[in-house]
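Below: final.cif (mmCIF, N, CA and C atoms)
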```cif
data_work
#
loop_
_atom_site.label_atom_id
_atom_site.label_comp_id
_atom_site.auth_asym_id
_atom_site.auth_seq_id
_atom_site.Cartn_x
_atom_site.Cartn_y
_atom_site.Cartn_z
N MET A 30 0.82 -1.20 0.00
CA MET A 30 0.00 0.00 0.00
C MET A 30 0.86 1.26 0.00
N LEU A 31 1.93 1.27 0.77
CA LEU A 31 2.74 2.48 0.91
C LEU A 31 3.43 2.90 -0.38
N GLU A 32 3.56 1.97 -1.32
CA GLU A 32 4.21 2.34 -2.58
C GLU A 32 3.41 3.39 -3.36
N TYR A 33 2.14 3.55 -3.04
CA TYR A 33 1.30 4.54 -3.72
C TYR A 33 1.42 5.94 -3.11
N PHE A 34 2.02 6.04 -1.93
CA PHE A 34 2.12 7.33 -1.26
C PHE A 34 3.35 8.10 -1.71
N ASN A 35 3.18 9.41 -1.84
CA ASN A 35 4.25 10.33 -2.25
C ASN A 35 4.19 11.49 -1.26
N ASN A 36 5.29 11.80 -0.62
CA ASN A 36 5.30 12.85 0.41
C ASN A 36 4.80 14.19 -0.10
N LYS A 37 4.95 14.45 -1.40
CA LYS A 37 4.48 15.72 -1.98
C LYS A 37 2.96 15.76 -2.07
N LEU A 38 2.32 14.61 -1.88
CA LEU A 38 0.86 14.52 -1.97
C LEU A 38 0.23 14.33 -0.59
N ILE A 39 0.97 14.69 0.43
CA ILE A 39 0.49 14.61 1.81
C ILE A 39 0.54 16.02 2.38
N THR A 40 -0.59 16.50 2.89
CA THR A 40 -0.65 17.89 3.33
C THR A 40 -1.54 18.06 4.56
N VAL A 41 -1.35 19.18 5.22
CA VAL A 41 -2.22 19.60 6.32
C VAL A 41 -2.91 20.88 5.84
N ILE A 42 -4.23 20.92 5.96
CA ILE A 42 -5.00 22.07 5.49
C ILE A 42 -5.54 22.83 6.68
N ASP A 43 -5.12 24.09 6.80
CA ASP A 43 -5.60 24.97 7.86
C ASP A 43 -6.87 25.69 7.42
N GLY A 44 -7.62 26.18 8.39
CA GLY A 44 -8.78 27.01 8.10
C GLY A 44 -10.04 26.21 7.85
N ARG A 45 -11.13 26.93 7.76
CA ARG A 45 -12.45 26.33 7.54
C ARG A 45 -12.73 26.32 6.04
N HIS A 46 -13.12 25.15 5.53
CA HIS A 46 -13.39 24.98 4.10
C HIS A 46 -14.62 24.11 3.91
N THR A 47 -15.24 24.23 2.74
CA THR A 47 -16.35 23.35 2.39
C THR A 47 -15.79 22.04 1.83
N LYS A 48 -16.65 21.07 1.74
CA LYS A 48 -16.29 19.77 1.16
C LYS A 48 -15.73 19.96 -0.26
N ASP A 49 -16.45 20.72 -1.09
CA ASP A 49 -16.01 20.92 -2.48
C ASP A 49 -14.69 21.66 -2.55
N GLU A 50 -14.47 22.63 -1.67
CA GLU A 50 -13.19 23.35 -1.65
C GLU A 50 -12.04 22.41 -1.34
N VAL A 51 -12.23 21.56 -0.36
CA VAL A 51 -11.17 20.61 0.02
C VAL A 51 -10.91 19.62 -1.11
N LEU A 52 -11.95 19.12 -1.74
CA LEU A 52 -11.76 18.19 -2.86
C LEU A 52 -10.98 18.88 -3.98
N ASN A 53 -11.32 20.12 -4.25
CA ASN A 53 -10.63 20.89 -5.29
C ASN A 53 -9.16 21.10 -4.91
N MET A 54 -8.89 21.41 -3.65
CA MET A 54 -7.51 21.60 -3.17
C MET A 54 -6.69 20.32 -3.35
N MET A 55 -7.32 19.20 -3.09
CA MET A 55 -6.60 17.93 -3.20
C MET A 55 -6.30 17.58 -4.66
N VAL A 56 -7.26 17.84 -5.55
CA VAL A 56 -7.01 17.60 -6.98
C VAL A 56 -5.88 18.52 -7.45
N ASP A 57 -5.89 19.77 -7.01
CA ASP A 57 -4.80 20.69 -7.35
C ASP A 57 -3.45 20.16 -6.86
N LEU A 58 -3.44 19.64 -5.64
CA LEU A 58 -2.21 19.09 -5.07
C LEU A 58 -1.66 17.97 -5.96
N ILE A 59 -2.55 17.09 -6.41
CA ILE A 59 -2.13 16.00 -7.29
C ILE A 59 -1.61 16.55 -8.61
N ALA A 60 -2.34 17.50 -9.19
CA ALA A 60 -1.94 18.06 -10.49
C ALA A 60 -0.57 18.75 -10.42
N LYS A 61 -0.31 19.44 -9.32
CA LYS A 61 0.95 20.19 -9.18
C LYS A 61 2.14 19.31 -8.81
N ASN A 62 1.91 18.20 -8.13
CA ASN A 62 3.01 17.42 -7.57
C ASN A 62 3.12 16.00 -8.10
N SER A 63 2.47 15.74 -9.21
CA SER A 63 2.48 14.39 -9.77
C SER A 63 2.35 14.50 -11.29
N ASP A 64 2.88 13.53 -11.99
CA ASP A 64 2.70 13.49 -13.45
C ASP A 64 1.54 12.57 -13.83
N ALA A 65 0.75 12.17 -12.86
CA ALA A 65 -0.33 11.20 -13.11
C ALA A 65 -1.59 11.83 -13.70
N LEU A 66 -1.71 13.15 -13.59
CA LEU A 66 -3.00 13.79 -13.89
C LEU A 66 -2.87 14.89 -14.95
N PRO A 67 -2.97 14.53 -16.23
CA PRO A 67 -2.85 15.55 -17.28
C PRO A 67 -4.07 16.48 -17.38
N ASN A 68 -5.25 16.03 -16.93
CA ASN A 68 -6.45 16.86 -17.02
C ASN A 68 -7.15 16.88 -15.66
N LYS A 69 -6.79 17.88 -14.85
CA LYS A 69 -7.32 17.90 -13.49
C LYS A 69 -8.83 18.19 -13.47
N ASP A 70 -9.33 18.94 -14.45
CA ASP A 70 -10.76 19.27 -14.46
C ASP A 70 -11.62 18.02 -14.63
N GLU A 71 -11.19 17.13 -15.51
CA GLU A 71 -11.95 15.88 -15.72
C GLU A 71 -11.94 15.03 -14.45
N PHE A 72 -10.77 14.94 -13.81
CA PHE A 72 -10.67 14.15 -12.59
C PHE A 72 -11.54 14.76 -11.49
N LEU A 73 -11.49 16.07 -11.32
CA LEU A 73 -12.32 16.73 -10.31
C LEU A 73 -13.80 16.47 -10.59
N GLU A 74 -14.19 16.54 -11.84
CA GLU A 74 -15.59 16.26 -12.20
C GLU A 74 -15.97 14.83 -11.81
N ASN A 75 -15.08 13.88 -12.06
CA ASN A 75 -15.35 12.48 -11.69
C ASN A 75 -15.46 12.33 -10.17
N ILE A 76 -14.58 13.00 -9.43
CA ILE A 76 -14.63 12.95 -7.96
C ILE A 76 -15.96 13.53 -7.47
N LEU A 77 -16.35 14.69 -7.98
CA LEU A 77 -17.59 15.33 -7.55
C LEU A 77 -18.81 14.49 -7.93
N ASN A 78 -18.77 13.89 -9.11
CA ASN A 78 -19.88 13.01 -9.53
C ASN A 78 -19.97 11.78 -8.63
N ARG A 79 -18.82 11.25 -8.22
CA ARG A 79 -18.82 10.10 -7.31
C ARG A 79 -19.47 10.47 -5.99
N GLU A 80 -19.21 11.69 -5.50
CA GLU A 80 -19.80 12.14 -4.25
C GLU A 80 -21.32 12.29 -4.37
N LYS A 81 -21.81 12.64 -5.56
CA LYS A 81 -23.25 12.77 -5.77
C LYS A 81 -23.95 11.41 -5.67
N VAL A 82 -23.25 10.35 -6.06
CA VAL A 82 -23.80 8.99 -5.98
C VAL A 82 -23.97 8.59 -4.52
N GLY A 83 -23.03 8.99 -3.69
CA GLY A 83 -23.05 8.69 -2.26
C GLY A 83 -21.78 9.17 -1.64
N SER A 84 -21.88 9.64 -0.43
CA SER A 84 -20.71 10.17 0.24
C SER A 84 -19.61 9.12 0.38
N THR A 85 -18.38 9.58 0.23
CA THR A 85 -17.24 8.70 0.46
C THR A 85 -16.71 8.87 1.88
N GLY A 86 -17.49 9.54 2.72
CA GLY A 86 -17.15 9.61 4.14
C GLY A 86 -17.40 8.23 4.72
N ILE A 87 -16.32 7.50 5.04
CA ILE A 87 -16.46 6.11 5.47
C ILE A 87 -16.72 5.99 6.97
N GLY A 88 -16.69 7.11 7.66
CA GLY A 88 -16.92 7.10 9.10
C GLY A 88 -15.62 7.25 9.87
N MET A 89 -15.75 7.37 11.17
CA MET A 89 -14.60 7.47 12.07
C MET A 89 -13.72 8.69 11.77
N GLY A 90 -14.32 9.72 11.14
CA GLY A 90 -13.57 10.94 10.84
C GLY A 90 -12.77 10.89 9.55
N ILE A 91 -13.04 9.89 8.71
CA ILE A 91 -12.25 9.70 7.50
C ILE A 91 -13.14 9.67 6.26
N ALA A 92 -12.64 10.31 5.18
CA ALA A 92 -13.29 10.23 3.88
C ALA A 92 -12.30 9.67 2.88
N LEU A 93 -12.81 8.90 1.95
CA LEU A 93 -11.98 8.26 0.94
C LEU A 93 -12.52 8.58 -0.46
N PRO A 94 -12.44 9.87 -0.85
CA PRO A 94 -12.94 10.22 -2.18
C PRO A 94 -12.09 9.52 -3.24
N HIS A 95 -12.75 8.92 -4.22
CA HIS A 95 -12.04 8.14 -5.21
C HIS A 95 -12.78 8.14 -6.53
N ALA A 96 -12.01 7.97 -7.62
CA ALA A 96 -12.62 7.88 -8.94
C ALA A 96 -11.62 7.27 -9.91
N ARG A 97 -12.18 6.60 -10.90
CA ARG A 97 -11.36 6.14 -12.01
C ARG A 97 -11.63 7.08 -13.17
N CYS A 98 -10.61 7.27 -13.99
CA CYS A 98 -10.70 8.29 -15.03
C CYS A 98 -9.87 7.84 -16.23
N GLU A 99 -10.35 8.14 -17.41
CA GLU A 99 -9.65 7.76 -18.65
C GLU A 99 -8.23 8.33 -18.70
N ASN A 100 -8.06 9.58 -18.28
CA ASN A 100 -6.79 10.24 -18.54
C ASN A 100 -5.76 10.16 -17.41
N ILE A 101 -6.05 9.45 -16.35
CA ILE A 101 -5.04 9.30 -15.30
C ILE A 101 -4.03 8.26 -15.78
N LYS A 102 -2.74 8.58 -15.60
CA LYS A 102 -1.69 7.70 -16.11
C LYS A 102 -1.39 6.53 -15.19
N LYS A 103 -1.60 6.72 -13.87
CA LYS A 103 -1.29 5.68 -12.91
C LYS A 103 -2.09 5.92 -11.64
N ILE A 104 -2.14 4.94 -10.77
CA ILE A 104 -2.84 5.11 -9.50
C ILE A 104 -2.11 6.17 -8.68
N VAL A 105 -2.90 7.07 -8.10
CA VAL A 105 -2.35 8.16 -7.32
C VAL A 105 -3.14 8.30 -6.02
N VAL A 106 -2.43 8.62 -4.93
CA VAL A 106 -3.06 8.79 -3.63
C VAL A 106 -2.60 10.11 -3.03
N ALA A 107 -3.56 10.92 -2.57
CA ALA A 107 -3.25 12.17 -1.87
C ALA A 107 -3.92 12.12 -0.51
N VAL A 108 -3.26 12.71 0.50
CA VAL A 108 -3.78 12.69 1.86
C VAL A 108 -3.81 14.11 2.39
N ALA A 109 -4.92 14.47 3.03
CA ALA A 109 -5.03 15.78 3.67
C ALA A 109 -5.61 15.62 5.07
N LEU A 110 -4.90 16.20 6.03
CA LEU A 110 -5.40 16.29 7.40
C LEU A 110 -5.99 17.68 7.56
N LEU A 111 -7.24 17.74 7.97
CA LEU A 111 -7.93 19.02 8.11
C LEU A 111 -7.84 19.51 9.55
N LYS A 112 -7.35 20.72 9.73
CA LYS A 112 -7.30 21.30 11.07
C LYS A 112 -8.71 21.61 11.57
N GLU A 113 -9.62 21.92 10.64
CA GLU A 113 -11.04 22.15 10.95
C GLU A 113 -11.84 21.05 10.26
N SER A 114 -12.43 20.15 11.02
CA SER A 114 -13.19 19.06 10.41
C SER A 114 -14.39 19.61 9.64
N ILE A 115 -14.84 18.82 8.64
CA ILE A 115 -15.96 19.26 7.80
C ILE A 115 -17.03 18.18 7.73
N ASN A 116 -18.24 18.63 7.45
CA ASN A 116 -19.36 17.72 7.24
C ASN A 116 -19.20 17.08 5.86
N PHE A 117 -19.13 15.78 5.83
CA PHE A 117 -18.94 15.04 4.58
C PHE A 117 -20.12 14.11 4.33
N ASN A 118 -21.19 14.29 5.11
CA ASN A 118 -22.34 13.39 5.02
C ASN A 118 -21.93 11.93 5.22
N SER A 119 -21.03 11.71 6.16
CA SER A 119 -20.53 10.37 6.44
C SER A 119 -21.65 9.48 6.98
N LEU A 120 -21.48 8.20 6.78
CA LEU A 120 -22.49 7.24 7.21
C LEU A 120 -22.74 7.31 8.71
N ASP A 121 -21.70 7.58 9.50
CA ASP A 121 -21.87 7.63 10.96
C ASP A 121 -22.20 9.03 11.48
N GLY A 122 -22.32 10.01 10.57
CA GLY A 122 -22.68 11.37 10.97
C GLY A 122 -21.52 12.20 11.51
N GLU A 123 -20.34 11.58 11.66
CA GLU A 123 -19.17 12.31 12.17
C GLU A 123 -18.57 13.20 11.09
N ASN A 124 -18.07 14.37 11.52
CA ASN A 124 -17.33 15.22 10.60
C ASN A 124 -16.03 14.54 10.21
N VAL A 125 -15.48 14.95 9.08
CA VAL A 125 -14.26 14.36 8.54
C VAL A 125 -13.05 15.22 8.87
N LYS A 126 -12.01 14.56 9.32
CA LYS A 126 -10.75 15.24 9.65
C LYS A 126 -9.61 14.79 8.73
N LEU A 127 -9.76 13.62 8.12
CA LEU A 127 -8.72 13.10 7.24
C LEU A 127 -9.34 12.65 5.92
N LEU A 128 -8.77 13.14 4.82
CA LEU A 128 -9.22 12.72 3.49
C LEU A 128 -8.09 11.99 2.79
N VAL A 129 -8.41 10.87 2.18
CA VAL A 129 -7.45 10.12 1.38
C VAL A 129 -8.08 9.98 0.00
N MET A 130 -7.55 10.73 -0.97
CA MET A 130 -8.09 10.73 -2.33
C MET A 130 -7.33 9.73 -3.18
N VAL A 131 -8.08 8.90 -3.88
CA VAL A 131 -7.47 7.89 -4.75
C VAL A 131 -8.01 8.08 -6.17
N GLY A 132 -7.07 8.15 -7.11
CA GLY A 132 -7.43 8.20 -8.52
C GLY A 132 -6.76 7.06 -9.24
N ALA A 133 -7.43 6.51 -10.25
CA ALA A 133 -6.85 5.38 -10.97
C ALA A 133 -7.31 5.39 -12.42
N PRO A 134 -6.49 4.82 -13.30
CA PRO A 134 -6.91 4.65 -14.70
C PRO A 134 -8.07 3.65 -14.77
N LYS A 135 -8.90 3.80 -15.78
CA LYS A 135 -10.05 2.91 -15.96
C LYS A 135 -9.63 1.44 -16.04
N ASN A 136 -8.46 1.18 -16.62
CA ASN A 136 -8.04 -0.22 -16.86
C ASN A 136 -7.36 -0.87 -15.65
N GLN A 137 -7.32 -0.18 -14.51
CA GLN A 137 -6.69 -0.77 -13.32
C GLN A 137 -7.71 -0.99 -12.21
N GLY A 138 -8.88 -1.46 -12.59
CA GLY A 138 -9.98 -1.63 -11.65
C GLY A 138 -9.68 -2.52 -10.46
N SER A 139 -9.09 -3.69 -10.70
CA SER A 139 -8.88 -4.61 -9.57
C SER A 139 -7.81 -4.08 -8.62
N GLU A 140 -6.74 -3.50 -9.15
CA GLU A 140 -5.69 -2.93 -8.30
C GLU A 140 -6.24 -1.76 -7.48
N TYR A 141 -7.07 -0.95 -8.13
CA TYR A 141 -7.70 0.20 -7.49
C TYR A 141 -8.62 -0.24 -6.35
N LEU A 142 -9.47 -1.22 -6.61
CA LEU A 142 -10.38 -1.71 -5.57
C LEU A 142 -9.63 -2.35 -4.42
N SER A 143 -8.55 -3.05 -4.72
CA SER A 143 -7.72 -3.66 -3.70
C SER A 143 -7.10 -2.59 -2.80
N LEU A 144 -6.60 -1.51 -3.40
CA LEU A 144 -6.00 -0.42 -2.64
C LEU A 144 -7.03 0.25 -1.74
N VAL A 145 -8.21 0.56 -2.28
CA VAL A 145 -9.27 1.19 -1.49
C VAL A 145 -9.64 0.29 -0.30
N GLY A 146 -9.77 -1.00 -0.54
CA GLY A 146 -10.08 -1.94 0.54
C GLY A 146 -8.99 -1.99 1.59
N THR A 147 -7.73 -1.99 1.16
CA THR A 147 -6.60 -2.00 2.09
C THR A 147 -6.59 -0.74 2.94
N LEU A 148 -6.85 0.40 2.32
CA LEU A 148 -6.91 1.67 3.06
C LEU A 148 -8.02 1.64 4.11
N MET A 149 -9.18 1.15 3.72
CA MET A 149 -10.31 1.10 4.66
C MET A 149 -9.97 0.21 5.86
N ARG A 150 -9.34 -0.92 5.61
CA ARG A 150 -8.94 -1.81 6.70
C ARG A 150 -7.91 -1.15 7.61
N ALA A 151 -6.96 -0.42 7.02
CA ALA A 151 -5.92 0.24 7.82
C ALA A 151 -6.52 1.28 8.76
N PHE A 152 -7.58 1.94 8.32
CA PHE A 152 -8.18 3.00 9.13
C PHE A 152 -9.11 2.47 10.22
N ARG A 153 -9.41 1.19 10.20
CA ARG A 153 -10.25 0.63 11.26
C ARG A 153 -9.53 0.60 12.60
N ASN A 154 -8.20 0.60 12.57
CA ASN A 154 -7.40 0.57 13.78
C ASN A 154 -7.44 1.95 14.46
N LYS A 155 -8.06 1.99 15.64
CA LYS A 155 -8.26 3.27 16.34
C LYS A 155 -6.94 3.96 16.68
N LYS A 156 -5.96 3.20 17.09
CA LYS A 156 -4.65 3.79 17.44
C LYS A 156 -4.03 4.46 16.21
N SER A 157 -4.09 3.79 15.06
CA SER A 157 -3.55 4.36 13.82
C SER A 157 -4.29 5.64 13.45
N ARG A 158 -5.62 5.60 13.54
CA ARG A 158 -6.42 6.80 13.23
C ARG A 158 -6.03 7.95 14.13
N ASN A 159 -5.95 7.69 15.42
CA ASN A 159 -5.63 8.77 16.36
C ASN A 159 -4.25 9.35 16.10
N THR A 160 -3.30 8.51 15.74
CA THR A 160 -1.96 9.01 15.42
C THR A 160 -2.02 9.94 14.21
N LEU A 161 -2.80 9.57 13.23
CA LEU A 161 -2.98 10.44 12.05
C LEU A 161 -3.66 11.76 12.44
N PHE A 162 -4.73 11.66 13.22
CA PHE A 162 -5.49 12.85 13.61
C PHE A 162 -4.66 13.81 14.46
N GLU A 163 -3.73 13.26 15.24
CA GLU A 163 -2.96 14.08 16.16
C GLU A 163 -1.73 14.73 15.53
N ALA A 164 -1.44 14.41 14.26
CA ALA A 164 -0.29 15.02 13.59
C ALA A 164 -0.49 16.53 13.55
N SER A 165 0.56 17.27 13.88
CA SER A 165 0.42 18.73 13.91
C SER A 165 1.03 19.40 12.68
N ASN A 166 1.74 18.62 11.86
CA ASN A 166 2.32 19.19 10.64
C ASN A 166 2.50 18.08 9.61
N GLN A 167 2.97 18.46 8.43
CA GLN A 167 3.11 17.51 7.33
C GLN A 167 4.06 16.37 7.69
N GLN A 168 5.18 16.69 8.31
CA GLN A 168 6.17 15.66 8.64
C GLN A 168 5.59 14.61 9.59
N GLU A 169 4.87 15.05 10.60
CA GLU A 169 4.24 14.11 11.54
C GLU A 169 3.19 13.26 10.83
N LEU A 170 2.47 13.86 9.89
CA LEU A 170 1.47 13.11 9.12
C LEU A 170 2.15 12.06 8.24
N ILE A 171 3.25 12.43 7.60
CA ILE A 171 4.00 11.48 6.78
C ILE A 171 4.47 10.30 7.64
N GLU A 172 4.99 10.59 8.83
CA GLU A 172 5.47 9.54 9.73
C GLU A 172 4.32 8.63 10.19
N ALA A 173 3.16 9.22 10.46
CA ALA A 173 2.00 8.43 10.88
C ALA A 173 1.53 7.51 9.75
N ILE A 174 1.56 8.01 8.52
CA ILE A 174 1.17 7.19 7.37
C ILE A 174 2.15 6.03 7.19
N ALA A 175 3.43 6.30 7.39
CA ALA A 175 4.45 5.24 7.26
C ALA A 175 4.21 4.11 8.25
N GLU A 176 3.58 4.42 9.37
CA GLU A 176 3.30 3.41 10.40
C GLU A 176 2.07 2.56 10.08
N LEU A 177 1.26 2.97 9.12
CA LEU A 177 0.01 2.25 8.82
C LEU A 177 0.23 0.79 8.46
N ASN A 178 1.28 0.49 7.73
CA ASN A 178 1.51 -0.88 7.28
C ASN A 178 2.17 -1.76 8.31
N ARG A 179 2.58 -1.18 9.43
CA ARG A 179 3.33 -1.97 10.42
C ARG A 179 2.42 -2.70 11.36
#
```
Render the structure in this file as structure tokens.
Amino acid sequence: MLEYFNNKLITVIDGRHTKDEVLNMMVDLIAKNSDALPNKDEFLENILNREKVGSTGIGMGIALPHARCENIKKIVVAVALLKESINFNSLDGENVKLLVMVGAPKNQGSEYLSLVGTLMRAFRNKKSRNTLFEASNQQELIEAIAELNR
């Protein structure tokens, strides 16, 4: 799982933002710091359309916005810790503090689904979640993510 993470795609977001603003910020982060996304507008549209189908707020303070897209070159993962939690219409009603965005090419469906499942299982561990939530800066967040697979 950790092979998909790139330190340039891990961030801490300060301030109060809407769900759509945060999703847009994360797509921008991927576009600026990765060669995986030649058309960020199409990917953002796919992410927003996926949210319309049903919230990707998986509960426990975590959202896993994800989409497959024709023009993505490879699987990409971005992580954002929110200093101000937001309403994501999560199944458990909890606000979201951590977003993990996953994008994948259309032809990598099984690898993509496997990664999303692995991420969901990793976040079930309360100690791991709390370590992520308690990170005060990007470096601490990167270190907490590195511990997920252990």
Would you kindly translate the PyMOL selection byres (((chain A and resi 93 and name CA) around 6) and name CA) into the concrete residues it picks from this file, as a PDB file with N, CA and C atoms, keeping the file's coordinate frame?
```pdb
ATOM      1  N   THR A  85     -18.380   9.580   0.230  1.00  0.00           N
ATOM      2  CA  THR A  85     -17.240   8.700   0.460  1.00  0.00           C
ATOM      3  C   THR A  85     -16.710   8.870   1.880  1.00  0.00           C
ATOM      4  N   ALA A  92     -12.640  10.310   5.180  1.00  0.00           N
ATOM      5  CA  ALA A  92     -13.290  10.230   3.880  1.00  0.00           C
ATOM      6  C   ALA A  92     -12.300   9.670   2.880  1.00  0.00           C
ATOM      7  N   PRO A  94     -12.440   9.870  -0.850  1.00  0.00           N
ATOM      8  CA  PRO A  94     -12.940  10.220  -2.180  1.00  0.00           C
ATOM      9  C   PRO A  94     -12.090   9.520  -3.240  1.00  0.00           C
ATOM     10  N   LEU A 128      -8.770  13.140   4.820  1.00  0.00           N
ATOM     11  CA  LEU A 128      -9.220  12.720   3.490  1.00  0.00           C
ATOM     12  C   LEU A 128      -8.090  11.990   2.790  1.00  0.00           C
ATOM     13  N   VAL A 129      -8.410  10.870   2.180  1.00  0.00           N
ATOM     14  CA  VAL A 129      -7.450  10.120   1.380  1.00  0.00           C
ATOM     15  C   VAL A 129      -8.080   9.980   0.000  1.00  0.00           C
ATOM     16  N   MET A 130      -7.550  10.730  -0.970  1.00  0.00           N
ATOM     17  CA  MET A 130      -8.090  10.730  -2.330  1.00  0.00           C
ATOM     18  C   MET A 130      -7.330   9.730  -3.180  1.00  0.00           C
TER      19      MET A 130
END
```
Please identify all polymer residues within 8 Å of Glu123 of chain A, counting all atoms listed in the file, omitting same-chain residues fewer than 6 positions from it, and present them as a PyMOL selection string. chain A and resi 86+88-91+114-117
Once the PyMOL selection byres ((chain A and resi 160-177) around 6.5) has been evaluated on this model, what residues remain selected, and can you format them as an MDAnalysis selection string? chainID A and resid 39:41 151 155:159 178:179
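With only N, CA and C atoms as the basis for measurement, A:Asn100 is the residue among A:Ser139, A:Asn100, A:Thr47, A:Thr147 that approaches Glu71 of chain A most closely.
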Between atom N of Asn118 of chain A and atom CA of Met149 of chain A, measure the distance and give it in Å to one decimal.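 About the pair atom N of Asn118 of chain A and atom CA of Met149 of chain A: they are 17.1 Å apart.
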Measuring atom to atom with all atoms listed in the file, identify which of A:Arg150, A:Arg97, A:Leu52, A:Leu120 is nearest to Gln137 of chain A.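 Selected residue with least distance to Gln137 of chain A: A:Arg97.
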Distance atom N of Ala109 of chain A-atom C of Glu50 of chain A, one decimal place? 11.5 Å
Counting only C-alpha atoms, the residue of A:Arg79, A:Lys112, A:Lys103, A:His95 that sits nearest Gly44 of chain A: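 Answer, going by the shortest atom-to-atom distance: A:Lys112.
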Gap from atom N of Glu140 of chain A to atom CA of Leu111 of chain A - Å, one decimal: 28.4 Å
Please return, as a PyMOL selection string, all residues of chain A that DSSP assigns to helix (DSSP H, G or I) on the basis of the backbone. chain A and resi 31-33+36-38+48-62+69-82+135-152+155-162+167-175
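Excluding Gly132 of chain A and any residue on its chain fewer than 6 positions from it, the residues at most 9 Å away by only C-alpha atoms are A:Ala65, A:Leu66, A:Phe72, A:Ile76, A:Pro94, A:His95, A:Ala96, A:Arg97, A:Cys98, A:Ile101, A:Lys103, A:Ile104, A:Val105, A:Val106, A:Ala107, A:Tyr141.
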When distances are computed from only C-alpha atoms, which of A:Asn35, A:Asn68, A:Asn154, A:Ser119 shows the smallest separation from Val56 of chain A? A:Asn68
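Using all atoms listed in the file, the nearest neighbour of Ile59 of chain A within the list A:Glu99, A:Lys37, A:Asn136, A:Asp43 is A:Lys37.
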Taking all listed atoms of segment 65-72 of chain A, build the axis-aligned box, pad each of the six sides by 6 Å, then write its centre and edge lengths in Å to one decimal as JSON.
```
{"center_x": -5.6, "center_y": 15.2, "center_z": -14.4, "size_x": 24.7, "size_y": 20.1, "size_z": 17.9}
```
